[in-house]
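What follows is one structure encoded as structure tokens, with my remarks underneath.
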Amino acid sequence: MSAVFDTNPATAAPIEGYRPVAPVVERDGATAVVDADHVYYRELNEAIQQLVADGVRDLTIRGVNGQRYIGNGLTETDLRIRIQGVPGQDLGMFLGGPVIDVDTNAQDGVGNTMESGEICVHGSAGDVVGYGMRGGRILIRGDAGYRVGIHMKQYQNQLPEVIIGGKARDFFGEYMAGGRLVLLDLNSQLAGPALGNYTGTGMHGGEIFVRGTVDACLCGREVGVVPATPEQLETIRPLVTRYCEAFGADADGIMSQTFTRIAPVSSRPYGNLYCSM
Amino acid sequence: MINYLQPEFHVDIDYDRCHKCGRCAGQCGWGVYSFVERPLPDDAKCRACHRCVTFCPAHCITIKRSDLAYRENPNWPIRARKGVWRQAASGGVLLTSMGSDAPRGSIFDALTLDACQVTNPSIDPLREPMETRTVIGKRPRALGERVPKDWAGRLTLSTPILFAPMSFGSVSLNVHKSMAMAAKRLGTFMNTGEGGLHADLYPYQDNVIVQVASGRFGVTPEYLERGAAIEIKVGQGAKPGIGGHLPGEKINAEVSTTRMIPQGTDAISPAPHHDIYSIEDLRQLIYSLKEASGYKPVGVKIAAVHNVGAIASGIVRAGADYVYLDGMNGGTGAAPAVIRDHVGIPVELALAVVDQRLRDEGIRNEASIIVAGSIKSSADLAKALALGADAVALGSATLLALGCHLCQSCHTGCCSWGLTTQKPELTRRLDPEEGAQRLVNLVSAWTHELQEILGALGVNAVESLRGSRDRLRAIGLDAQTCEILGVAPAGR
């Protein structure tokens with residue numbers, strides 16, 4: 001039996017619609033504009049890394065259309081990346097400092113295992129936003145998909161925050177070990193409740209704030225679902241304010257409404273599960 | 001409730017010879033001994049780890065199996081009866097550690113190696129050069145074939161032996177240091193496991209494979225930058241399909257810094273990576289790691305399970321540089337006994353199936369195969385190579401070299417040998433310098449033995465043994481197992 005398809009990138013046919021060529025770059029000092037139109041992700045990311053290594057700190061990427069891994073593992077804290085178009089999967093994975101701004105929607109895996117910095121999406125995002133995220137901030141103007149904030153965690157002064165303007169789907173904050181998830185349930189394109197099933201299942205740290213009320217039957221048994229107190233709500237004011245700054249909304253208006261707080265009832269949900277042999 | 005369980009061991013002290021020095025009481029991590037003028041053991045707490053026996057200056061301690069008779073019933077072995085009693089008392093999942101002790105036997109032990117006689121000369125490794133250097137990574141299919149630049153990342157090992165992933169947290173920092181120092185001296189690699197990389201290991205980072213598991217503990221851009229290669233942990237032989245769970249008691253200040261989670265909280269690794277639900281998703285993570293790390297080699301570790309051939313094929317097509325197969329006899333720092341003892345398949349079968357599948361599909365050159373799961377000697381190593389492995393990884397053998405006596409109590413966090421504990425009074429018992437020396441000794445000895453085996457086979461390089469199943473014969477295996485292994489019965 002011969003190979004079903006050619007897995008060798010040197011000999012395999014290029015993906016239809018993309019060319020393995022370096023993108024056109026216009027550079028002016030620390031500012032650069034990269035034209036990603038029809039450029040394959042590998043060449044695009046190589047060019048981005050090269051520009052950043054050469055001292056570019058304000059980078060605009062034009063004509064983005066599904067290119068994956070943009071900004072992966074970049075650690076320059078003074079770097080700003082503006083993305084025009086829809087970036088592909090794993091945008092800003094392992095991001096360690098830069099600010100990424102997306103002018104429309106994003107796909108799956110935004111801020112996967114993110115360390116610090118900010119990702120701001122002016123449309124909606126796909127699944128697994130902020131998976132395993134340890135620090136930094138993700139702002140999504142519209143809706144998000146399934147499995148948002150799974151296994152987010154916090155450590156010392158690192159406290160990851162994700163704020164979503166619309167609704168989110170199932171498994172929101174599953175296995176969450178730290179950080180904050182905020183769901184505003186405003187301007188959504190989705191029907192039904194703000195949250196899906198299995199919210200906070202296995203959660204053992206951090207907290208989730210949802211505007212309005214939440215049916216506890218949507219949540220895992222490891223969490224308590226209660227109205228947020230004014231003191232608890234105050235902790236998300238800076239995040240909500242940042243959201244309103246980025247997308248233009250009334251922070252005081254949002255903060256004056258009722259929120260539900262979902263938090264674990266134990267930091268050791270499985271402490272009594274075992275019996276030693 | 002009355003405890004139905006009687007002690008498994010009896011601590012026998014010959015008081016006539018006892019110095020009454022109390023060293024046994026000081027050495028025991030389980031609190032077996034109280035000391036009132038002489039050591040008084042509580043048999044119920046003994047785990048037969050032999051720490052006290054080893055350190056008794058009078059050699060007056062003997063750990064004996066309890067003579068207590070139970071009514072014989074082959075259908076209800078004592079082990080099963082004790083499990084029922086334990087669970088009836090606690091309602092808990094039976095938790096154990098190290099590799100399975102179910103009496104299934106080893107397939108490696110049923111295989112024998114060939115040797116040269118008369119017509120094809122054997123080679124004397126003491127006189128002739130014998131190449132054990134091994135390269136892990138992608139290779140061209142044929143000489144002269146053009147290779148893409150993202151195939152360039154490879155690991156070069158001086159011998160086809162690595163140290164298996166064991167996280168800092170499940171084992172002590174001194175165990176990690178011992179492995180790191182030994183890996184550097186030997187020219188091979190240790191693996192962080194999923195607990196992050198401690199700063200004390202940075203000087204050895206060129207010999208460290210960093211692991212990325214579902215909990216993403218300690219995974220930062222810097223961590224990926226430091227590792228020589230990156231390994232995605234999907235599964236573990238001792239507990240296929242279930243996640244990891246390091247109890248809060250083991251998360252002290254040091255472990256907290258490398259895992260990057262608060263002290264005292266449970267470190268829960270979900271069973272699946274929630275960003276991998278398909279081979280396409282796996283490819284995405286592999287290339288995400290490659291993009292973030294400047295195209296370092298990325299391997300994928302899986303447990304050996306029933307459909308392992310198809311899974312491994314998918315992993316290679318997803319772009320992995322190596323596939324790490326962990327067999328069902330592999331060790332663990334903690335696993336439910338029911339999973340450890342009953343889930344998965346032996347690594348010998350998984351290896352044979354995967355190697356054959358990748359050859360059949362013409363993609364064997366695109367990934368190396370590392371196997372683990374109870375490699376007990378250089379014979380197992382040589383047989384694994386002949387079955388198609390590129391290298392083996394040692395987990396249990398590494399711990400044994402550092403003093404482990406396989407008492408299967410890692411999950412208690414009280415290891416008297418200071419290996420699988422975070423208690424400072426216990427962890428300081430392992431001197432990393434001495435530990436590294438023991439590991440260097442073990443790997444060097446096995447490498448010499450491998451050279452002897454290669455010489456007897458009449459080949460002068462590990463590369464020439466790899467996948468040579470015609471140099472293996474089976475004794476006492478059924479025809480179907482022989483067919484799966486691709487090995488003829490002895491005499492054929």
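Going by the structure tokens order, chains are called A, B, ..., each with residues numbered from 1, while ligands are numbered from 1 in the order shown.
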Please determine the contact residues of chain A with respect to chain B at a cut-off of 8 Å, counting only C-alpha atoms, and supply them as a count of residues only. 44
All strand (DSSP E or B) positions in segment 31-239 of chain A, as a ChimeraX atom specification: /A:31-35,39,58-65,80-86,96-102,116-121,137-140,155,158,161-164,177-183,199,205-211,219,223-227
Tell me, as a PyMOL selection string, which residues lie within 12 Å of Val443 of chain B, counting only C-alpha atoms; anything in the same chain fewer than 3 positions away does not count. chain B and resi 132+158-163+179+182-183+185-189+376-378+381+392-394+397-398+401+436-440+446-450
Of the residues A:Gly212, A:Gly71, A:Gly220, A:Pro227, which is the one nearest to Ile48 of chain A, using only C-alpha atoms? A:Gly71
Could you write out, as a VMD selection string, all the residues of segment 32-246 of chain A that DSSP marks as alpha helix (DSSP H)? chain A and resid 41 to 53 230 to 234 237 to 246
Need the shell around Leu111 of chain B: protein/DNA/RNA residues with any atom at most 8 Å away, counting only C-alpha atoms. Skip same-chain ones fewer than 6 positions apart. Format as JSON, numbers by chain? {"B": [383, 472, 473, 474, 475]}
Output of the above residues as a compact mmCIF listing (two decimals), in the first residue's frame, restricted to all heavy atoms:
# COMPACT_ATOMS: atom_id res chain seq x y z
N LYS B 383 15.35 -6.48 22.07
CA LYS B 383 14.16 -7.07 21.44
C LYS B 383 13.22 -5.98 20.93
O LYS B 383 12.61 -6.12 19.87
CB LYS B 383 13.45 -7.98 22.45
CG LYS B 383 14.26 -9.24 22.78
CD LYS B 383 13.68 -9.97 23.99
CE LYS B 383 14.63 -11.08 24.45
NZ LYS B 383 14.11 -11.76 25.67
N LEU B 472 14.50 -12.49 15.66
CA LEU B 472 13.78 -12.89 16.88
C LEU B 472 13.06 -14.21 16.65
O LEU B 472 12.63 -14.49 15.52
CB LEU B 472 12.74 -11.83 17.26
CG LEU B 472 13.24 -10.47 17.76
CD1 LEU B 472 12.07 -9.50 17.88
CD2 LEU B 472 13.95 -10.60 19.10
N ARG B 473 12.92 -15.02 17.69
CA ARG B 473 12.08 -16.21 17.66
C ARG B 473 11.23 -16.21 18.92
O ARG B 473 11.64 -15.68 19.95
CB ARG B 473 12.91 -17.50 17.61
CG ARG B 473 13.62 -17.72 16.28
CD ARG B 473 12.66 -18.01 15.14
NE ARG B 473 13.36 -18.32 13.91
CZ ARG B 473 13.76 -17.41 13.01
NH1 ARG B 473 13.53 -16.13 13.21
NH2 ARG B 473 14.39 -17.78 11.91
N ALA B 474 10.05 -16.85 18.83
CA ALA B 474 9.14 -16.88 19.98
C ALA B 474 9.09 -18.27 20.59
O ALA B 474 9.10 -19.27 19.86
CB ALA B 474 7.75 -16.46 19.52
N ILE B 475 9.05 -18.32 21.89
CA ILE B 475 8.87 -19.60 22.58
C ILE B 475 7.57 -19.54 23.37
O ILE B 475 7.38 -18.67 24.22
CB ILE B 475 10.04 -19.88 23.55
CG1 ILE B 475 11.34 -20.03 22.75
CG2 ILE B 475 9.78 -21.15 24.36
CD1 ILE B 475 12.57 -20.20 23.61
Interatomic distance (Å, one decimal) between atom CA of Gly169 of chain B and atom CA of Thr420 of chain B: 7.9 Å
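Each of A:Gly17, A:Pro98, A:Pro193, A:Pro87 was checked against Arg57 of chain A using only C-alpha atoms; the smallest atom-to-atom distance is that of A:Pro98.
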What's the 12 Å shell around Ser266 of chain A, counting only C-alpha atoms, without same-chain residues fewer than 2 positions away, as an NGL selection string? (:A and (177 or 202-206 or 221-224 or 263-264 or 268-272)) or (:B and (265-266))
Non-local contacts of Gly136 of chain A (9 Å; only C-alpha atoms; under 5 positions in same chain excluded) as a compact mmCIF listing (two decimals) with N, CA and C atoms, in the first residue's frame:
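The result, written out as part_11.txt:
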# COMPACT_ATOMS: atom_id res chain seq x y z
N LEU A 95 0.91 33.27 23.76
CA LEU A 95 1.26 34.69 23.68
C LEU A 95 1.82 35.18 25.02
N GLY A 96 2.93 35.90 24.97
CA GLY A 96 3.56 36.35 26.21
C GLY A 96 3.80 37.84 26.26
N GLY A 97 2.82 38.66 25.97
CA GLY A 97 3.01 40.10 26.14
C GLY A 97 2.35 41.00 25.11
N MET A 114 -2.37 31.01 26.74
CA MET A 114 -1.80 32.36 26.71
C MET A 114 -1.18 32.70 28.07
N GLU A 115 -0.10 33.50 28.01
CA GLU A 115 0.68 33.79 29.21
C GLU A 115 0.44 35.24 29.69
N SER A 116 0.45 36.19 28.75
CA SER A 116 0.16 37.58 29.09
C SER A 116 -0.09 38.35 27.80
N GLY A 117 -0.50 39.61 27.94
CA GLY A 117 -0.85 40.42 26.77
C GLY A 117 -2.36 40.52 26.63
N GLU A 118 -2.80 40.98 25.45
CA GLU A 118 -4.25 41.16 25.25
C GLU A 118 -4.63 40.79 23.82
N ILE A 119 -5.75 40.11 23.70
CA ILE A 119 -6.31 39.83 22.37
C ILE A 119 -7.71 40.40 22.35
N GLN A 158 -0.49 36.63 38.24
CA GLN A 158 -1.09 36.42 36.92
C GLN A 158 -2.52 35.95 37.09
N LEU A 159 -3.46 36.74 36.54
CA LEU A 159 -4.85 36.38 36.65
C LEU A 159 -5.51 36.57 35.28
N PRO A 160 -5.74 35.49 34.58
CA PRO A 160 -6.28 35.62 33.22
C PRO A 160 -7.74 36.06 33.25
N GLU A 161 -8.12 36.89 32.27
CA GLU A 161 -9.49 37.37 32.20
C GLU A 161 -10.01 37.25 30.78
N VAL A 162 -11.22 36.73 30.66
CA VAL A 162 -11.87 36.66 29.35
C VAL A 162 -13.24 37.32 29.50
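Counting only C-alpha atoms, the residue from B:Ile311, B:Val171, B:Ile136, B:Leu143 that sits nearest to Thr156 of chain B is B:Ile136.
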Contacts of Phe172 of chain A at 7 Å or less, counting only C-alpha atoms, minus same-chain residues fewer than 6 places along, as a PyMOL selection string? chain A and resi 146-150+199-200
Let's have the selection written as an mmCIF file, in the first residue's frame, with all heavy atoms.
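For reference, selection-v5.cif as written:
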data_model
loop_
_atom_site.group_PDB
_atom_site.id
_atom_site.type_symbol
_atom_site.label_atom_id
_atom_site.label_comp_id
_atom_site.auth_asym_id
_atom_site.auth_seq_id
_atom_site.Cartn_x
_atom_site.Cartn_y
_atom_site.Cartn_z
ATOM 1 N N TYR A 146 -17.945 26.771 21.812
ATOM 2 C CA TYR A 146 -17.900 25.791 22.897
ATOM 3 C C TYR A 146 -16.550 25.822 23.611
ATOM 4 O O TYR A 146 -15.555 26.254 23.047
ATOM 5 C CB TYR A 146 -18.119 24.380 22.328
ATOM 6 C CG TYR A 146 -19.502 24.164 21.758
ATOM 7 C CD1 TYR A 146 -19.848 24.667 20.518
ATOM 8 C CD2 TYR A 146 -20.465 23.462 22.484
ATOM 9 C CE1 TYR A 146 -21.113 24.481 19.991
ATOM 10 C CE2 TYR A 146 -21.737 23.267 21.969
ATOM 11 C CZ TYR A 146 -22.059 23.783 20.719
ATOM 12 O OH TYR A 146 -23.312 23.601 20.210
ATOM 13 N N ARG A 147 -16.559 25.345 24.858
ATOM 14 C CA ARG A 147 -15.325 25.090 25.623
ATOM 15 C C ARG A 147 -14.494 26.357 25.859
ATOM 16 O O ARG A 147 -13.272 26.320 25.778
ATOM 17 C CB ARG A 147 -14.468 24.033 24.912
ATOM 18 C CG ARG A 147 -15.124 22.679 24.838
ATOM 19 C CD ARG A 147 -14.284 21.707 24.027
ATOM 20 N NE ARG A 147 -14.695 21.658 22.646
ATOM 21 C CZ ARG A 147 -13.875 21.505 21.622
ATOM 22 N NH1 ARG A 147 -12.597 21.392 21.822
ATOM 23 N NH2 ARG A 147 -14.339 21.464 20.397
ATOM 24 N N VAL A 148 -15.127 27.448 26.164
ATOM 25 C CA VAL A 148 -14.387 28.684 26.462
ATOM 26 C C VAL A 148 -13.764 28.584 27.854
ATOM 27 O O VAL A 148 -14.423 28.176 28.812
ATOM 28 C CB VAL A 148 -15.331 29.906 26.407
ATOM 29 C CG1 VAL A 148 -14.623 31.154 26.923
ATOM 30 C CG2 VAL A 148 -15.832 30.122 24.996
ATOM 31 N N GLY A 149 -12.495 28.932 27.943
ATOM 32 C CA GLY A 149 -11.848 29.046 29.260
ATOM 33 C C GLY A 149 -11.628 27.727 29.962
ATOM 34 O O GLY A 149 -11.496 27.700 31.187
ATOM 35 N N ILE A 150 -11.565 26.637 29.221
ATOM 36 C CA ILE A 150 -11.307 25.355 29.878
ATOM 37 C C ILE A 150 -9.935 25.377 30.529
ATOM 38 O O ILE A 150 -8.950 25.785 29.918
ATOM 39 C CB ILE A 150 -11.398 24.178 28.870
ATOM 40 C CG1 ILE A 150 -12.854 23.955 28.481
ATOM 41 C CG2 ILE A 150 -10.798 22.911 29.454
ATOM 42 C CD1 ILE A 150 -13.107 22.677 27.755
ATOM 43 N N THR A 199 -21.599 23.995 32.292
ATOM 44 C CA THR A 199 -20.818 25.161 32.696
ATOM 45 C C THR A 199 -20.118 24.868 34.028
ATOM 46 O O THR A 199 -20.744 24.393 34.973
ATOM 47 C CB THR A 199 -21.743 26.381 32.829
ATOM 48 O OG1 THR A 199 -22.278 26.683 31.545
ATOM 49 C CG2 THR A 199 -21.001 27.590 33.380
ATOM 50 N N GLY A 200 -18.817 25.125 34.063
ATOM 51 C CA GLY A 200 -18.066 24.981 35.316
ATOM 52 C C GLY A 200 -17.938 23.559 35.827
ATOM 53 O O GLY A 200 -17.629 23.351 37.000
#
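Considering the residues A:Ser124, A:Thr60, A:Gln107, A:Asn65 and counting only C-alpha atoms, Tyr18 of chain A has its shortest atom-to-atom contact with A:Asn65.
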